[in-house]
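**Q** Sending over model-v1.pdb (PDB, C-alpha atoms, pLDDT in the B column).
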```
MODEL        1
ATOM      1  CA  MET A1067      63.790 116.098  35.616  1.00 82.00           C
ATOM      2  CA  ILE A1068      60.814 114.455  33.868  1.00 86.00           C
ATOM      3  CA  ALA A1069      58.525 115.776  36.600  1.00 87.00           C
ATOM      4  CA  PHE A1070      59.929 119.288  36.100  1.00 91.00           C
ATOM      5  CA  ILE A1071      59.149 119.164  32.394  1.00 91.00           C
ATOM      6  CA  ASP A1072      55.642 117.895  33.127  1.00 90.00           C
ATOM      7  CA  ALA A1073      55.052 120.778  35.513  1.00 91.00           C
ATOM      8  CA  HIS A1074      56.205 123.505  33.080  1.00 91.00           C
ATOM      9  CA  ARG A1075      55.523 122.137  29.595  1.00 90.00           C
ATOM     10  CA  ALA A1076      52.175 123.923  29.371  1.00 91.00           C
ATOM     11  CA  VAL A1077      53.911 127.295  29.760  1.00 92.00           C
ATOM     12  CA  TYR A1078      57.260 126.869  27.992  1.00 91.00           C
ATOM     13  CA  GLY A1079      56.838 123.771  25.857  1.00 92.00           C
ATOM     14  CA  VAL A1080      58.922 120.588  25.863  1.00 91.00           C
ATOM     15  CA  GLU A1081      61.617 121.506  23.317  1.00 91.00           C
ATOM     16  CA  PRO A1082      62.595 124.882  24.881  1.00 91.00           C
ATOM     17  CA  ILE A1083      62.905 123.261  28.304  1.00 92.00           C
ATOM     18  CA  CYS A1084      65.004 120.418  26.885  1.00 91.00           C
ATOM     19  CA  ARG A1085      67.359 122.945  25.271  1.00 90.00           C
ATOM     20  CA  VAL A1086      68.100 124.326  28.733  1.00 91.00           C
ATOM     21  CA  LEU A1087      68.172 121.012  30.591  1.00 88.00           C
ATOM     22  CA  PRO A1088      70.643 118.207  29.707  1.00 84.00           C
ATOM     23  CA  ILE A1089      67.946 115.954  28.217  1.00 89.00           C
ATOM     24  CA  ALA A1090      66.861 115.230  24.661  1.00 91.00           C
ATOM     25  CA  PRO A1091      63.203 115.711  23.693  1.00 90.00           C
ATOM     26  CA  SER A1092      63.121 112.133  22.398  1.00 91.00           C
ATOM     27  CA  THR A1093      64.112 110.868  25.841  1.00 91.00           C
ATOM     28  CA  TYR A1094      61.272 112.757  27.461  1.00 90.00           C
ATOM     29  CA  HIS A1095      58.751 111.542  24.896  1.00 89.00           C
ATOM     30  CA  ALA A1096      59.964 107.959  25.379  1.00 89.00           C
ATOM     31  CA  HIS A1097      59.354 108.233  29.134  1.00 87.00           C
ATOM     32  CA  ALA A1098      55.939 109.726  28.527  1.00 87.00           C
ATOM     33  CA  ALA A1099      55.042 106.902  26.140  1.00 88.00           C
ATOM     34  CA  ARG A1100      56.096 104.298  28.687  1.00 86.00           C
ATOM     35  CA  ARG A1101      53.918 105.871  31.343  1.00 84.00           C
ATOM     36  CA  ALA A1102      50.955 105.900  28.965  1.00 85.00           C
ATOM     37  CA  ASP A1103      51.544 102.317  27.831  1.00 86.00           C
ATOM     38  CA  PRO A1104      53.184 100.054  30.456  1.00 81.00           C
ATOM     39  CA  LYS A1105      53.825  97.449  27.753  1.00 85.00           C
ATOM     40  CA  ARG A1106      56.612  99.689  26.451  1.00 87.00           C
ATOM     41  CA  LEU A1107      58.497  99.504  29.727  1.00 87.00           C
ATOM     42  CA  PRO A1108      61.740  97.465  29.795  1.00 89.00           C
ATOM     43  CA  ALA A1109      61.437  93.850  30.897  1.00 91.00           C
ATOM     44  CA  ARG A1110      63.151  94.568  34.205  1.00 93.00           C
ATOM     45  CA  ALA A1111      60.794  97.446  35.004  1.00 91.00           C
ATOM     46  CA  ARG A1112      57.755  95.268  34.250  1.00 92.00           C
ATOM     47  CA  ARG A1113      59.205  92.481  36.395  1.00 95.00           C
ATOM     48  CA  ASP A1114      59.891  94.910  39.252  1.00 95.00           C
ATOM     49  CA  ALA A1115      56.346  96.289  39.097  1.00 93.00           C
ATOM     50  CA  ALA A1116      54.879  92.789  39.358  1.00 95.00           C
ATOM     51  CA  LEU A1117      57.231  91.807  42.178  1.00 97.00           C
ATOM     52  CA  MET A1118      56.464  94.946  44.159  1.00 97.00           C
ATOM     53  CA  ILE A1119      52.796  93.966  44.244  1.00 97.00           C
ATOM     54  CA  GLU A1120      53.680  90.496  45.570  1.00 97.00           C
ATOM     55  CA  ILE A1121      56.188  91.843  48.078  1.00 97.00           C
ATOM     56  CA  ARG A1122      53.696  94.321  49.492  1.00 96.00           C
ATOM     57  CA  ARG A1123      51.054  91.594  49.677  1.00 97.00           C
ATOM     58  CA  VAL A1124      53.332  89.290  51.693  1.00 96.00           C
ATOM     59  CA  TYR A1125      54.510  92.175  53.862  1.00 96.00           C
ATOM     60  CA  GLU A1126      51.016  93.362  54.752  1.00 95.00           C
ATOM     61  CA  ALA A1127      49.677  89.816  55.179  1.00 95.00           C
ATOM     62  CA  ASN A1128      52.226  89.276  57.941  1.00 93.00           C
ATOM     63  CA  PHE A1129      51.382  92.395  59.965  1.00 90.00           C
ATOM     64  CA  CYS A1130      54.178  94.453  58.376  1.00 91.00           C
ATOM     65  CA  VAL A1131      56.864  92.761  60.470  1.00 90.00           C
ATOM     66  CA  TYR A1132      58.636  90.616  57.864  1.00 94.00           C
ATOM     67  CA  GLY A1133      62.068  91.695  56.763  1.00 94.00           C
ATOM     68  CA  VAL A1134      63.896  90.911  53.530  1.00 95.00           C
ATOM     69  CA  ARG A1135      64.811  87.348  54.469  1.00 94.00           C
ATOM     70  CA  LYS A1136      61.328  86.275  55.517  1.00 95.00           C
ATOM     71  CA  VAL A1137      59.609  87.987  52.589  1.00 96.00           C
ATOM     72  CA  TRP A1138      62.045  86.315  50.207  1.00 96.00           C
ATOM     73  CA  ARG A1139      61.462  82.889  51.761  1.00 95.00           C
ATOM     74  CA  GLN A1140      57.692  83.304  51.675  1.00 96.00           C
ATOM     75  CA  LEU A1141      57.837  84.216  47.996  1.00 97.00           C
ATOM     76  CA  SER A1142      59.968  81.134  47.356  1.00 96.00           C
ATOM     77  CA  ARG A1143      57.435  78.941  49.178  1.00 95.00           C
ATOM     78  CA  GLU A1144      54.734  80.347  46.917  1.00 96.00           C
ATOM     79  CA  GLY A1145      56.739  79.471  43.819  1.00 96.00           C
ATOM     80  CA  ILE A1146      57.794  83.048  42.992  1.00 96.00           C
ATOM     81  CA  ARG A1147      61.463  82.813  42.045  1.00 95.00           C
ATOM     82  CA  VAL A1148      63.356  85.989  42.793  1.00 96.00           C
ATOM     83  CA  ALA A1149      66.811  86.812  44.092  1.00 96.00           C
ATOM     84  CA  ARG A1150      67.116  87.961  47.686  1.00 96.00           C
ATOM     85  CA  CYS A1151      69.036  91.067  46.603  1.00 95.00           C
ATOM     86  CA  THR A1152      66.121  91.977  44.328  1.00 96.00           C
ATOM     87  CA  VAL A1153      63.698  91.714  47.251  1.00 96.00           C
ATOM     88  CA  ALA A1154      66.008  93.913  49.316  1.00 96.00           C
ATOM     89  CA  ARG A1155      66.249  96.502  46.527  1.00 96.00           C
ATOM     90  CA  LEU A1156      62.500  96.670  45.954  1.00 97.00           C
ATOM     91  CA  MET A1157      61.655  96.776  49.666  1.00 96.00           C
ATOM     92  CA  ARG A1158      64.118  99.619  50.083  1.00 95.00           C
ATOM     93  CA  ALA A1159      62.533 101.449  47.144  1.00 95.00           C
ATOM     94  CA  MET A1160      59.066 100.997  48.683  1.00 95.00           C
ATOM     95  CA  GLY A1161      60.215 102.025  52.148  1.00 94.00           C
ATOM     96  CA  LEU A1162      59.370  98.636  53.688  1.00 95.00           C
ATOM     97  CA  GLN A1163      61.371  97.417  56.659  1.00 91.00           C
ATOM     98  CA  GLY A1164      60.992  94.491  59.009  1.00 89.00           C
ATOM     99  CA  ALA A1165      60.378  94.861  62.706  1.00 82.00           C
ATOM    100  CA  VAL A1166      63.519  95.046  64.863  1.00 73.00           C
ATOM    101  CA  ARG A1167      63.436  93.488  68.308  1.00 67.00           C
ATOM    102  CA  GLY A1168      64.608  95.578  71.207  1.00 63.00           C
ATOM    103  CA  LYS A1169      65.920  99.098  71.039  1.00 61.00           C
ATOM    104  CA  PRO A1170      69.017 100.354  69.218  1.00 61.00           C
ATOM    105  CA  VAL A1171      72.226 100.403  71.230  1.00 60.00           C
ATOM    106  CA  ARG A1172      74.703 103.253  70.841  1.00 61.00           C
ATOM    107  CA  THR A1173      78.303 102.341  71.513  1.00 57.00           C
ATOM    108  CA  THR A1174      79.936 105.593  70.378  1.00 58.00           C
ATOM    109  CA  ILE A1175      78.699 108.990  71.532  1.00 60.00           C
ATOM    110  CA  SER A1176      80.742 111.685  69.796  1.00 58.00           C
ATOM    111  CA  ASP A1177      81.141 115.267  70.903  1.00 57.00           C
ATOM    112  CA  THR A1178      82.728 117.624  68.379  1.00 62.00           C
ATOM    113  CA  ALA A1179      83.229 120.223  71.109  1.00 64.00           C
ATOM    114  CA  ALA A1180      85.406 117.899  73.200  1.00 60.00           C
ATOM    115  CA  PRO A1181      89.187 118.010  72.622  1.00 61.00           C
ATOM    116  CA  CYS A1182      90.285 115.257  70.249  1.00 60.00           C
ATOM    117  CA  PRO A1183      93.812 113.824  69.973  1.00 61.00           C
ATOM    118  CA  LEU A1184      95.497 114.000  66.590  1.00 64.00           C
ATOM    119  CA  ASP A1185      94.843 111.195  64.137  1.00 65.00           C
ATOM    120  CA  ARG A1186      98.199 109.546  63.548  1.00 65.00           C
ATOM    121  CA  VAL A1187      96.788 106.953  61.160  1.00 67.00           C
ATOM    122  CA  ASN A1188      94.948 109.244  58.704  1.00 68.00           C
ATOM    123  CA  ARG A1189      92.607 106.398  57.664  1.00 67.00           C
ATOM    124  CA  GLN A1190      95.549 104.327  56.408  1.00 70.00           C
ATOM    125  CA  PHE A1191      95.007 101.040  58.205  1.00 71.00           C
ATOM    126  CA  GLN A1192      98.070  99.290  56.843  1.00 76.00           C
ATOM    127  CA  ALA A1193     101.076  98.167  58.849  1.00 81.00           C
ATOM    128  CA  PRO A1194     104.433  96.892  57.533  1.00 84.00           C
ATOM    129  CA  ARG A1195     104.923  94.483  60.443  1.00 85.00           C
ATOM    130  CA  PRO A1196     103.212  93.302  63.636  1.00 88.00           C
ATOM    131  CA  ASN A1197     102.924  95.570  66.658  1.00 87.00           C
ATOM    132  CA  VAL A1198     102.992  98.794  64.641  1.00 85.00           C
ATOM    133  CA  LEU A1199      99.294  99.667  64.583  1.00 86.00           C
ATOM    134  CA  TRP A1200      96.559  98.357  66.867  1.00 84.00           C
ATOM    135  CA  VAL A1201      92.934  99.267  66.212  1.00 86.00           C
ATOM    136  CA  SER A1202      90.388  98.957  68.994  1.00 81.00           C
ATOM    137  CA  ASP A1203      86.723  99.575  69.601  1.00 82.00           C
ATOM    138  CA  PHE A1204      83.770  97.882  71.232  1.00 81.00           C
ATOM    139  CA  THR A1205      80.395  96.796  69.959  1.00 81.00           C
ATOM    140  CA  TYR A1206      77.333  94.889  71.129  1.00 79.00           C
ATOM    141  CA  VAL A1207      76.240  91.351  70.259  1.00 80.00           C
ATOM    142  CA  ALA A1208      72.822  89.721  70.663  1.00 75.00           C
ATOM    143  CA  THR A1209      73.102  86.458  72.612  1.00 77.00           C
ATOM    144  CA  TRP A1210      70.632  84.021  74.126  1.00 78.00           C
ATOM    145  CA  VAL A1211      70.870  85.864  77.434  1.00 76.00           C
ATOM    146  CA  GLY A1212      70.513  89.372  75.993  1.00 77.00           C
ATOM    147  CA  PHE A1213      72.853  92.029  74.626  1.00 79.00           C
ATOM    148  CA  VAL A1214      76.477  92.017  75.723  1.00 85.00           C
ATOM    149  CA  TYR A1215      79.340  94.357  74.895  1.00 87.00           C
ATOM    150  CA  VAL A1216      82.485  93.016  73.228  1.00 87.00           C
ATOM    151  CA  ALA A1217      85.763  94.938  73.100  1.00 87.00           C
ATOM    152  CA  PHE A1218      88.403  94.073  70.502  1.00 86.00           C
ATOM    153  CA  VAL A1219      92.033  95.020  69.933  1.00 89.00           C
ATOM    154  CA  ILE A1220      93.149  94.138  66.392  1.00 88.00           C
ATOM    155  CA  ASP A1221      96.656  94.136  64.963  1.00 88.00           C
ATOM    156  CA  ALA A1222      96.289  95.897  61.601  1.00 85.00           C
ATOM    157  CA  TYR A1223      99.195  93.957  60.089  1.00 88.00           C
ATOM    158  CA  ALA A1224      97.324  90.632  59.806  1.00 83.00           C
ATOM    159  CA  ARG A1225      93.838  91.757  60.970  1.00 83.00           C
ATOM    160  CA  ARG A1226      94.246  89.454  63.946  1.00 86.00           C
ATOM    161  CA  ILE A1227      92.422  89.940  67.219  1.00 88.00           C
ATOM    162  CA  VAL A1228      95.102  90.137  69.882  1.00 89.00           C
ATOM    163  CA  GLY A1229      92.866  91.092  72.804  1.00 89.00           C
ATOM    164  CA  TRP A1230      89.169  90.906  73.622  1.00 87.00           C
ATOM    165  CA  ARG A1231      86.763  91.072  76.539  1.00 87.00           C
ATOM    166  CA  VAL A1232      83.012  90.617  77.043  1.00 87.00           C
ATOM    167  CA  SER A1233      80.867  92.507  79.536  1.00 87.00           C
ATOM    168  CA  ARG A1234      77.213  93.015  80.339  1.00 84.00           C
ATOM    169  CA  THR A1235      77.775  96.747  80.835  1.00 81.00           C
ATOM    170  CA  ALA A1236      79.703  99.352  78.848  1.00 77.00           C
ATOM    171  CA  HIS A1237      82.311 100.502  81.328  1.00 77.00           C
ATOM    172  CA  ALA A1238      85.913 101.526  80.832  1.00 74.00           C
ATOM    173  CA  SER A1239      87.525  98.650  82.716  1.00 79.00           C
ATOM    174  CA  PHE A1240      86.537  95.926  80.268  1.00 80.00           C
ATOM    175  CA  VAL A1241      88.025  97.924  77.364  1.00 81.00           C
ATOM    176  CA  LEU A1242      91.236  98.289  79.333  1.00 84.00           C
ATOM    177  CA  ASP A1243      91.169  94.543  80.066  1.00 88.00           C
ATOM    178  CA  ALA A1244      91.143  93.827  76.326  1.00 87.00           C
ATOM    179  CA  LEU A1245      94.128  96.120  75.870  1.00 86.00           C
ATOM    180  CA  GLU A1246      95.969  94.546  78.783  1.00 88.00           C
ATOM    181  CA  GLN A1247      95.393  91.092  77.261  1.00 89.00           C
ATOM    182  CA  ALA A1248      96.874  92.303  73.967  1.00 88.00           C
ATOM    183  CA  LEU A1249      99.898  93.726  75.774  1.00 88.00           C
ATOM    184  CA  HIS A1250     100.403  90.482  77.690  1.00 88.00           C
ATOM    185  CA  GLU A1251     100.136  88.331  74.563  1.00 87.00           C
ATOM    186  CA  ARG A1252     102.270  90.428  72.229  1.00 87.00           C
ATOM    187  CA  ARG A1253     104.623  92.078  74.742  1.00 85.00           C
ATOM    188  CA  PRO A1254     105.667  94.964  72.442  1.00 84.00           C
ATOM    189  CA  VAL A1255     109.043  96.554  73.038  1.00 79.00           C
ATOM    190  CA  GLN A1256     108.804  99.877  74.820  1.00 79.00           C
ATOM    191  CA  GLY A1257     109.586 102.783  72.514  1.00 76.00           C
ATOM    192  CA  SER A1258     108.970 100.754  69.340  1.00 77.00           C
ATOM    193  CA  GLY A1259     106.405 103.279  68.066  1.00 78.00           C
ATOM    194  CA  LEU A1260     103.268 101.180  68.553  1.00 84.00           C
ATOM    195  CA  VAL A1261     100.135 103.256  67.827  1.00 82.00           C
ATOM    196  CA  HIS A1262      96.815 102.410  69.450  1.00 76.00           C
ATOM    197  CA  HIS A1263      93.940 103.759  67.321  1.00 76.00           C
ATOM    198  CA  SER A1264      90.410 104.085  68.721  1.00 74.00           C
ATOM    199  CA  ASP A1265      87.174 105.994  68.226  1.00 67.00           C
ATOM    200  CA  ARG A1266      86.029 109.380  69.524  1.00 59.00           C
ATOM    201  CA  GLY A1267      83.561 108.213  72.127  1.00 54.00           C
ATOM    202  CA  VAL A1268      83.029 110.581  75.058  1.00 47.00           C
ATOM    203  CA  GLN A1269      81.218 108.279  77.477  1.00 51.00           C
ATOM    204  CA  PRO A1270      82.468 108.648  81.054  1.00 44.00           C
ATOM    205  CA  GLY A1271      85.708 106.790  81.505  1.00 43.00           C
ATOM    206  CA  PHE A1272      86.191 105.753  77.884  1.00 43.00           C
ATOM    207  CA  LYS A1273      88.285 108.684  76.769  1.00 42.00           C
ATOM    208  CA  GLY A1274      91.150 107.667  79.015  1.00 42.00           C
ATOM    209  CA  SER A1275      90.890 103.996  78.121  1.00 40.00           C
ATOM    210  CA  SER A1276      90.799 104.650  74.376  1.00 39.00           C
ATOM    211  CA  GLN A1277      94.082 106.557  74.599  1.00 40.00           C
ATOM    212  CA  HIS A1278      95.798 104.096  76.918  1.00 43.00           C
ATOM    213  CA  LEU A1279      98.477 103.439  74.277  1.00 44.00           C
ATOM    214  CA  GLY A1280      99.636 106.050  71.786  1.00 40.00           C
ATOM    215  CA  ARG A1281      97.013 108.508  70.531  1.00 36.00           C
ATOM    216  CA  GLY A1282      94.152 107.780  68.132  1.00 35.00           C
ATOM    217  CA  GLY A1283      91.282 109.634  66.515  1.00 35.00           C
ATOM    218  CA  CYS A1284      88.454 107.678  64.882  1.00 35.00           C
ATOM    219  CA  ASP A1285      87.561 104.029  64.561  1.00 41.00           C
ATOM    220  CA  GLY A1286      88.635 102.047  61.499  1.00 42.00           C
ATOM    221  CA  CYS A1287      89.086  98.487  60.295  1.00 52.00           C
ATOM    222  CA  SER A1288      87.709  97.104  63.565  1.00 48.00           C
ATOM    223  CA  GLU A1289      84.227  97.563  62.078  1.00 49.00           C
ATOM    224  CA  ALA A1290      84.911  94.602  59.776  1.00 52.00           C
ATOM    225  CA  ALA A1291      85.443  92.326  62.764  1.00 52.00           C
ATOM    226  CA  PHE A1292      82.328  93.680  64.468  1.00 49.00           C
ATOM    227  CA  GLY A1293      80.238  93.022  61.383  1.00 50.00           C
ATOM    228  CA  SER A1294      81.483  89.444  61.240  1.00 48.00           C
ATOM    229  CA  VAL A1295      80.608  88.858  64.883  1.00 47.00           C
ATOM    230  CA  ARG A1296      77.109  90.314  64.474  1.00 47.00           C
ATOM    231  CA  ALA A1297      76.450  88.433  61.240  1.00 44.00           C
ATOM    232  CA  ARG A1298      77.292  85.087  62.833  1.00 44.00           C
ATOM    233  CA  ARG A1299      74.927  85.744  65.759  1.00 42.00           C
ATOM    234  CA  VAL A1300      77.456  84.643  68.352  1.00 42.00           C
ATOM    235  CA  ALA A1301      75.942  82.977  71.408  1.00 38.00           C
ATOM    236  CA  LEU A1302      78.421  83.387  74.242  1.00 40.00           C
ATOM    237  CA  ALA A1303      78.560  80.921  77.069  1.00 39.00           C
ATOM    238  CA  GLY A1304      77.073  81.981  80.368  1.00 41.00           C
ATOM    239  CA  SER A1305      80.237  81.146  82.241  1.00 40.00           C
ATOM    240  CA  ALA A1306      82.273  83.486  80.084  1.00 43.00           C
ATOM    241  CA  LEU A1307      79.792  86.280  80.655  1.00 42.00           C
ATOM    242  CA  CYS A1308      79.881  85.807  84.415  1.00 42.00           C
ATOM    243  CA  CYS A1309      83.676  85.969  84.410  1.00 43.00           C
ATOM    244  CA  ALA A1310      83.704  89.127  82.310  1.00 43.00           C
ATOM    245  CA  ALA A1311      80.899  90.971  84.121  1.00 44.00           C
TER     246      ALA A1311
ENDMDL
END
```
Please express what this file holds, its structure, as structure tokens.
**A**
Amino acid sequence: MIAFIDAHRAVYGVEPICRVLPIAPSTYHAHAARRADPKRLPARARRDAALMIEIRRVYEANFCVYGVRKVWRQLSREGIRVARCTVARLMRAMGLQGAVRGKPVRTTISDTAAPCPLDRVNRQFQAPRPNVLWVSDFTYVATWVGFVYVAFVIDAYARRIVGWRVSRTAHASFVLDALEQALHERRPVQGSGLVHHSDRGVQPGFKGSSQHLGRGGCDGCSEAAFGSVRARRVALAGSALCCAA
């Protein structure tokens, strides 16, 4: 809005533009004064401007590969005290991002043209008792031996993982194995109305496995479990991987 006034003030003037736009002339003049004299900026804005110079210096000095955590630690080593969330906010504002090893892995490939079962959950991931709603999906985890796929089946009542499997490849059988483990552990009564909710992936073989129990539509609270697994950087044992592959 300030930029719009700057671009048209020579033709229409500041006050007529401000009468049309939801901004007071005093607000515009205050912004203009701050741009002309940086000393009038709020303390936080002055602090951010100084930190952005230091963040960019550290980022470029390390070949533009440092992420938020490493930039923050380097600033701390240099005696510049700043919160990590502030570094993240300023790096995001400057468009700076650390290098990411490897290539991104897609676990869900959606196709809006493909037929989709009805969503019986309607984004309400609450259950009054166990074995009423199971949520399942699979994700990938970085381990010491490379990326592996992990499938989960979660009981929405207590957010408990009731079935899981690990595999080196994303194929339908390991997702079904996780579901079979959940069925073996919980042994739900047939006809009790158990709903199995999964995502809309259309990879070969996954559509049938995702609808093995009940009928689901899109993924849900399973993302919380996936985020926890990724954040803890789980290193799975080689024997477990060999058994699951």
**Q** What's around stretch 1091-1094 of chain A at 12 Å? Count all atoms listed in the file, leave out sequence neighbours fewer than 3 positions away in its own chain, and write the answer as a list in words.
**A**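 Result of the neighbour search: Met1067, Ile1068, Ala1069, Phe1070, Ile1071, Asp1072, Arg1075, Gly1079, Val1080, Glu1081, Pro1082, Ile1083, Cys1084, Arg1085, Val1086, Leu1087, Pro1088, His1097, Ala1098, Ala1099, Arg1100 and Arg1101 of chain A.
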**Q** Give the padded box for stretch 1092-1098 of chain A as AutoDock Vina command-line options: axis-aligned, covering all atoms listed in the file, 5 Å on each side, centre and edge lengths in Å to one decimal.
**A**
```
--center_x 60.0 --center_y 110.4 --center_z 25.8 --size_x 18.2 --size_y 14.8 --size_z 16.7
```
**Q** How far is it from atom CA of A:Val1077 to atom CA of A:Pro1104, in Å with one decimal?
**A**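 Separation between atom CA of A:Val1077 and atom CA of A:Pro1104: 27.3 Å.
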**Q** Running the PyMOL selection byres ((chain A and resi 1125-1136) around 9) on this model by hand, what would come out? Give it as number ranges by chain.
**A** A: 1120-1124, 1137-1141, 1150-1151, 1153-1154, 1157, 1162-1166
**Q** Give me the result of the PyMOL selection byres ((chain A and resi 1197) around 12) on this file, residue by residue, as a PyMOL selection string.
**A** chain A and resi 1192-1196+1198-1201+1219-1228+1248-1249+1251-1262+1279
**Q** Which residues are near A:Tyr1206? Cut-off 7 Å, only C-alpha atoms, ignore same chain within fewer than 5 positions. Put them as a list in words.
**A**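 Near neighbours after the sequence-gap exclusion: Phe1213, Val1214, Tyr1215 and Val1216 of chain A.
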**Q** Between atom CA of A:Ala1236 and atom CA of A:Val1207, what is the distance, to one decimal in Å?
**A**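 If I compute the distance from atom CA of A:Ala1236 to atom CA of A:Val1207, I get 12.2 Å.
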**Q** State, in Å with one decimal place, the distance from atom CA of A:Arg1155 to atom CA of A:Ala1109.
**A**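 For atom CA of A:Arg1155 relative to atom CA of A:Ala1109, the distance reads 16.6 Å.
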**Q** Would you mind telling me which residue in A:Leu1156, A:Ala1244, A:Ala1217, A:Val1211 lies nearest to A:Met1118 when using only C-alpha atoms?
**A**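 For A:Met1118, the nearest of the given residues is A:Leu1156.
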**Q** Counting only C-alpha atoms, which residues sit no farther than 9 Å from the position (89.0, 97.4, 72.8) in the file's frame? I'd like them as a list of chain:residue names.
**A** A:Val1201, A:Ser1202, A:Asp1203, A:Phe1204, A:Val1216, A:Ala1217, A:Phe1218, A:Val1219, A:Ile1220, A:Gly1229, A:Trp1230, A:Arg1231, A:Phe1240, A:Val1241, A:Leu1242, A:Asp1243, A:Ala1244, A:Leu1245, A:Ser1264, A:Ser1275, A:Ser1276
**Q** Please save C-alpha atoms of the selected residues as a PDB file, keeping the file's coordinate frame.
**A**
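Result file follows (again-v7.pdb):
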```pdb
ATOM      1  CA  VAL A1201      92.934  99.267  66.212  1.00 86.00           C
ATOM      2  CA  SER A1202      90.388  98.957  68.994  1.00 81.00           C
ATOM      3  CA  ASP A1203      86.723  99.575  69.601  1.00 82.00           C
ATOM      4  CA  PHE A1204      83.770  97.882  71.232  1.00 81.00           C
ATOM      5  CA  VAL A1216      82.485  93.016  73.228  1.00 87.00           C
ATOM      6  CA  ALA A1217      85.763  94.938  73.100  1.00 87.00           C
ATOM      7  CA  PHE A1218      88.403  94.073  70.502  1.00 86.00           C
ATOM      8  CA  VAL A1219      92.033  95.020  69.933  1.00 89.00           C
ATOM      9  CA  ILE A1220      93.149  94.138  66.392  1.00 88.00           C
ATOM     10  CA  GLY A1229      92.866  91.092  72.804  1.00 89.00           C
ATOM     11  CA  TRP A1230      89.169  90.906  73.622  1.00 87.00           C
ATOM     12  CA  ARG A1231      86.763  91.072  76.539  1.00 87.00           C
ATOM     13  CA  PHE A1240      86.537  95.926  80.268  1.00 80.00           C
ATOM     14  CA  VAL A1241      88.025  97.924  77.364  1.00 81.00           C
ATOM     15  CA  LEU A1242      91.236  98.289  79.333  1.00 84.00           C
ATOM     16  CA  ASP A1243      91.169  94.543  80.066  1.00 88.00           C
ATOM     17  CA  ALA A1244      91.143  93.827  76.326  1.00 87.00           C
ATOM     18  CA  LEU A1245      94.128  96.120  75.870  1.00 86.00           C
ATOM     19  CA  SER A1264      90.410 104.085  68.721  1.00 74.00           C
ATOM     20  CA  SER A1275      90.890 103.996  78.121  1.00 40.00           C
ATOM     21  CA  SER A1276      90.799 104.650  74.376  1.00 39.00           C
TER      22      SER A1276
END
```
